[in-house]
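**Q** Contents of protein28.cif (mmCIF, C-alpha atoms):
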data_model
#
loop_
_atom_site.label_atom_id
_atom_site.label_comp_id
_atom_site.auth_asym_id
_atom_site.auth_seq_id
_atom_site.Cartn_x
_atom_site.Cartn_y
_atom_site.Cartn_z
CA VAL U 197 109.45 -64.34 -34.33
CA ARG U 198 113.21 -64.03 -34.14
CA ARG U 199 114.77 -65.64 -31.08
CA PRO U 200 117.85 -67.76 -30.18
CA GLY U 201 117.63 -71.10 -31.90
CA ALA U 202 115.52 -69.86 -34.79
CA TRP U 203 116.82 -69.92 -38.33
CA ASN U 204 119.23 -67.13 -39.29
CA SER U 205 120.64 -65.97 -42.60
CA GLU U 206 124.04 -67.66 -42.11
CA PHE U 207 122.46 -71.04 -41.35
CA LEU U 208 120.05 -70.78 -44.30
CA ALA U 209 122.78 -69.62 -46.71
CA HIS U 210 125.00 -72.54 -45.70
CA ASN U 211 122.25 -75.18 -45.97
CA TRP U 212 120.73 -73.96 -49.23
CA GLY U 213 123.93 -72.84 -50.90
CA ILE U 214 122.74 -69.27 -51.50
CA GLU U 215 124.16 -65.82 -50.82
CA LYS U 216 123.68 -64.34 -47.35
CA GLU U 217 121.78 -61.35 -48.78
CA THR U 218 119.43 -63.73 -50.58
CA ALA U 219 118.93 -65.68 -47.37
CA GLU U 220 118.07 -62.48 -45.48
CA ARG U 221 115.45 -61.53 -48.08
CA THR U 222 114.02 -65.06 -47.91
CA LEU U 223 113.64 -64.90 -44.14
CA ARG U 224 111.92 -61.52 -44.36
CA ALA U 225 109.50 -62.81 -47.00
CA THR U 226 108.53 -66.03 -45.19
CA THR U 227 107.11 -66.99 -41.81
CA GLN U 228 108.46 -69.20 -39.04
CA ARG U 229 105.56 -70.60 -37.07
CA GLY U 230 105.78 -73.24 -34.39
CA VAL U 231 109.59 -73.10 -34.06
CA ARG U 232 110.97 -75.65 -31.58
CA SER U 233 114.61 -75.35 -30.52
CA PHE U 234 116.71 -78.00 -28.75
CA ASP U 235 120.49 -77.68 -28.48
CA GLY U 236 121.10 -81.43 -28.14
CA GLN U 237 123.65 -80.94 -25.37
CA GLU U 238 121.49 -82.32 -22.57
CA VAL U 239 121.25 -86.03 -21.82
CA GLY U 240 117.65 -86.88 -22.50
CA VAL U 241 114.89 -84.39 -23.11
CA GLN U 242 114.43 -82.13 -20.10
CA ARG U 243 111.65 -80.02 -21.57
CA ARG U 244 108.35 -81.04 -23.08
CA PHE U 245 107.28 -78.80 -25.94
CA PRO U 246 103.58 -77.97 -26.50
CA THR U 247 102.03 -80.19 -29.15
CA GLY U 248 99.45 -77.68 -30.42
CA ASP U 249 99.92 -77.20 -34.17
CA ARG U 250 96.55 -75.77 -35.18
CA HIS U 251 98.29 -72.77 -36.74
CA LEU U 252 100.16 -75.09 -39.13
CA GLN U 253 97.08 -76.97 -40.34
CA TYR U 254 95.56 -74.14 -42.37
CA ARG U 255 96.65 -72.00 -45.29
CA ARG U 256 97.36 -68.34 -44.52
CA LEU U 257 95.42 -65.55 -46.21
CA ASN U 258 97.01 -62.21 -46.94
CA HIS U 259 93.80 -60.31 -46.19
CA ALA U 260 92.12 -58.93 -43.09
CA MET U 261 88.48 -59.90 -42.49
CA TYR U 262 85.64 -58.06 -40.86
CA HIS U 263 82.82 -59.98 -39.21
CA ASP U 264 79.47 -59.30 -37.61
CA THR U 265 76.24 -61.08 -36.69
CA LEU U 266 72.99 -60.47 -38.56
CA PHE U 267 69.75 -61.19 -36.68
CA SER U 268 66.29 -62.16 -37.94
CA THR U 269 62.93 -61.87 -36.22
CA ILE U 270 61.78 -65.06 -37.97
CA ALA U 271 63.24 -68.51 -37.34
CA SER U 272 64.17 -70.23 -40.59
CA THR U 273 63.19 -73.74 -41.64
CA ARG U 274 66.55 -74.84 -40.21
CA LYS U 275 65.69 -73.13 -36.88
CA ASN U 276 68.31 -70.43 -37.48
CA LYS U 277 67.73 -67.04 -35.90
CA CYS U 278 70.91 -65.25 -36.98
CA SER U 279 73.77 -65.46 -39.43
CA HIS U 280 77.45 -64.69 -38.95
CA VAL U 281 78.96 -62.71 -41.81
CA TYR U 282 82.65 -62.55 -42.75
CA ALA U 283 83.55 -59.85 -45.27
CA THR U 284 86.49 -58.00 -46.82
CA ASP U 285 86.87 -54.51 -48.22
CA PHE U 286 86.77 -55.91 -51.78
CA CYS U 287 83.18 -57.27 -51.51
CA TRP U 288 84.00 -60.88 -50.66
CA SER U 289 81.65 -62.32 -48.04
CA LYS U 290 80.43 -65.58 -46.55
CA ASN U 291 77.34 -66.24 -44.45
CA PHE U 292 77.14 -68.91 -41.76
CA PRO U 293 73.55 -69.26 -40.42
CA LEU U 294 73.34 -69.96 -36.67
CA LYS U 295 70.72 -70.85 -34.10
CA SER U 296 72.22 -68.38 -31.60
CA LYS U 297 74.99 -65.80 -31.53
CA GLY U 298 76.86 -67.87 -28.93
CA ASP U 299 77.61 -70.45 -31.66
CA ALA U 300 79.75 -67.96 -33.59
CA HIS U 301 82.95 -69.79 -32.66
CA HIS U 302 81.83 -72.79 -34.75
CA THR U 303 82.03 -70.63 -37.88
CA LEU U 304 85.79 -70.18 -37.33
CA ASP U 305 86.37 -73.91 -37.83
CA GLU U 306 84.63 -73.85 -41.21
CA LEU U 307 86.20 -70.56 -42.29
CA PHE U 308 89.75 -71.70 -41.49
CA HIS U 309 89.18 -75.11 -43.08
CA ARG U 310 87.52 -73.89 -46.29
CA TYR U 311 89.51 -70.72 -46.94
CA GLY U 312 92.34 -70.22 -44.45
CA VAL U 313 93.39 -67.91 -41.64
CA PRO U 314 93.23 -64.15 -42.33
CA THR U 315 95.87 -61.74 -41.07
CA ARG U 316 93.39 -60.46 -38.49
CA LEU U 317 89.69 -60.45 -37.62
CA LEU U 318 88.00 -57.12 -36.91
CA SER U 319 84.64 -56.74 -35.18
CA ASP U 320 82.86 -54.64 -32.59
CA ASP U 321 83.38 -55.35 -28.89
CA ALA U 322 80.76 -58.11 -28.62
CA LYS U 323 81.94 -60.61 -26.00
CA GLU U 324 81.09 -63.68 -28.10
CA LEU U 325 83.45 -62.35 -30.81
CA THR U 326 86.35 -61.23 -28.65
CA GLN U 327 86.38 -63.60 -25.67
CA GLY U 328 85.74 -67.20 -24.71
CA GLU U 329 85.82 -70.03 -27.23
CA PHE U 330 86.01 -67.69 -30.22
CA ALA U 331 89.16 -66.02 -28.89
CA ARG U 332 90.70 -69.39 -27.96
CA LYS U 333 90.28 -70.82 -31.46
CA ALA U 334 91.63 -67.65 -33.09
CA ARG U 335 94.62 -67.66 -30.73
CA GLN U 336 95.39 -71.32 -31.51
CA ALA U 337 95.42 -70.48 -35.23
CA GLN U 338 97.59 -67.40 -34.53
CA CYS U 339 94.93 -65.07 -35.90
CA LEU U 340 94.90 -61.60 -34.37
CA ILE U 341 91.57 -60.36 -33.00
CA ASP U 342 91.08 -56.62 -33.27
CA MET U 343 88.16 -54.30 -32.50
CA THR U 344 86.84 -51.21 -34.18
CA ASP U 345 86.44 -47.96 -32.23
CA PRO U 346 83.27 -47.67 -30.11
CA TYR U 347 80.28 -46.05 -31.85
CA SER U 348 82.06 -46.25 -35.21
CA PRO U 349 80.12 -48.86 -37.26
CA TRP U 350 81.49 -47.43 -40.52
CA GLN U 351 84.90 -48.91 -39.61
CA ASN U 352 83.51 -52.42 -39.86
CA GLN U 353 83.26 -53.46 -43.50
CA ALA U 354 80.94 -56.31 -42.48
CA GLU U 355 78.31 -53.70 -41.58
CA THR U 356 78.38 -52.46 -45.19
CA GLU U 357 78.21 -55.98 -46.55
CA VAL U 358 75.30 -56.86 -44.24
CA ARG U 359 73.41 -53.86 -45.60
CA GLU U 360 74.03 -54.91 -49.21
CA LEU U 361 73.08 -58.52 -48.48
CA LYS U 362 69.83 -57.43 -46.83
CA ARG U 363 68.92 -55.28 -49.82
CA LEU U 364 69.70 -57.98 -52.37
CA SER U 365 68.01 -60.82 -50.49
CA GLY U 366 64.94 -58.64 -49.81
CA ARG U 367 64.54 -57.82 -53.51
CA TRP U 368 64.96 -61.44 -54.56
CA MET U 369 62.55 -62.84 -51.99
CA VAL U 370 59.86 -60.30 -52.92
CA LYS U 371 60.39 -60.88 -56.65
CA LYS U 372 60.21 -64.67 -56.32
CA ARG U 373 57.58 -64.59 -53.56
CA SER U 374 59.83 -66.75 -51.44
CA PRO U 375 58.64 -67.76 -47.93
CA LYS U 376 60.26 -65.67 -45.22
CA LYS U 377 61.48 -68.80 -43.45
CA LEU U 378 63.96 -69.35 -46.28
CA TRP U 379 65.87 -66.14 -45.49
CA ASP U 380 69.05 -68.00 -44.46
CA TYR U 381 69.26 -69.85 -47.78
CA CYS U 382 68.79 -66.58 -49.64
CA LEU U 383 71.54 -64.85 -47.64
CA GLU U 384 74.00 -67.64 -48.46
CA LEU U 385 73.10 -67.38 -52.14
CA CYS U 386 73.54 -63.60 -52.10
CA SER U 387 77.01 -63.96 -50.57
CA GLU U 388 77.99 -66.44 -53.28
CA VAL U 389 76.71 -64.14 -56.03
CA ARG U 390 78.45 -61.03 -54.67
CA SER U 391 81.69 -62.97 -54.10
CA ASN U 392 81.68 -64.06 -57.74
CA THR U 393 80.73 -60.72 -59.31
CA ALA U 394 83.35 -58.36 -60.77
CA HIS U 395 82.54 -55.18 -58.84
CA ASN U 396 83.97 -51.79 -59.73
CA VAL U 397 86.45 -51.92 -56.85
CA TYR U 398 90.09 -50.89 -57.24
CA GLN U 399 91.56 -53.82 -55.29
CA LEU U 400 89.90 -56.35 -57.62
CA LYS U 401 91.64 -55.03 -60.77
CA GLY U 402 88.94 -56.56 -62.97
CA GLN U 403 88.79 -59.88 -61.10
CA VAL U 404 86.02 -61.28 -58.93
CA PRO U 405 86.42 -61.30 -55.11
CA GLU U 406 86.61 -65.10 -54.97
CA THR U 407 89.65 -65.03 -57.26
CA LEU U 408 91.43 -62.47 -55.10
CA MET U 409 90.62 -64.46 -51.96
CA THR U 410 91.41 -68.01 -53.13
CA GLY U 411 93.39 -67.62 -56.36
CA GLU U 412 90.83 -69.71 -58.24
#
Could you write out this structure as structure tokens?
**A**
Amino acid sequence: VRRPGAWNSEFLAHNWGIEKETAERTLRATTQRGVRSFDGQEVGVQRRFPTGDRHLQYRRLNHAMYHDTLFSTIASTRKNKCSHVYATDFCWSKNFPLKSKGDAHHTLDELFHRYGVPTRLLSDDAKELTQGEFARKARQAQCLIDMTDPYSPWQNQAETEVRELKRLSGRWMVKKRSPKKLWDYCLELCSEVRSNTAHNVYQLKGQVPETLMTGE
């Protein structure tokens, strides 16, 4: 955000000893989050700045994420009845099993801590994903919440990933004769396998989704 008191190209060029044009390109290519300005002319501090710095604690991801909640009719051995899925359009996904859909906001803490903050989060208009504690945590991390158009599930890539995860986990559990109460473990494993498989997707350019997401 550009506003009075924020860094400008002249100030950056003078401090770093670089050309003004180079400084302008640098400012366009970088972010300025949590800027605090104080002119130093006043005697004593007359204004107290907010101390929230959640948006500076996490790495920033250059990818948008889709997310949705998958439900099961059988409670798992860990008492989970649903799983929250985060996915991208290049087949990266992560499952976070939950006891109820109202706990979805807890998955944000783990997602931001383990991977980082995406450019935006897209979902349907479910209240637990667009309001309340979920929206508060996303706002603190400066992560934009966006919604797909009503009655347009094909716009949410997480819907596609949920379908693929269901197919894969169903085949594996039947093949291995796994108890149905272990469905949440199987979903997590399927996400890990798909995230580390080199799919025939243009964005991957021969890499696996985990590499594109984390650089590792």
**Q** Please provide as a PyMOL selection string all residues within 12 Å of Lys323 (chain U), with the sequence filter that same-chain residues fewer than 2 positions apart are discarded (counting all atoms listed in the file).
**A** chain U and resi 264+297-298+300-301+319-321+325-331+341+343
**Q** Between U:Leu252, U:Leu408, U:Cys386, U:Ala354, which residue has the minimum interatomic distance to Trp368 (chain U), considering only C-alpha atoms?
**A**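 Distance minimum relative to Trp368 (chain U) lands on U:Cys386.
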**Q** Kindly resolve the PyMOL selection byres ((chain U and resi 365) around 9) on the present coordinates and return the residues as an NGL selection string.
**A** :U and (360-364 or 366-370 or 379 or 382-383 or 385-386)
**Q** Since I can't run it myself right now, could you work out what the PyMOL selection byres ((chain U and resi 380) around 12) selects here and report it as a VMD selection string?
**A** chain U and resid 266 to 281 290 to 295 361 to 362 365 to 366 369 374 to 379 381 to 387
**Q** So how many Å separate CA of Ala394 (chain U) and CA of Trp288 (chain U), to one decimal?
**A**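 Distance between the two atoms: 10.4 Å.
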**Q** Could you check which of U:Arg373, U:His210, U:His259, U:His309 is closest to Gln399 (chain U), using all atoms listed in the file?
**A**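 Of U:Arg373, U:His210, U:His259, U:His309, the one nearest Gln399 (chain U), counting all atoms listed in the file, is U:His259.
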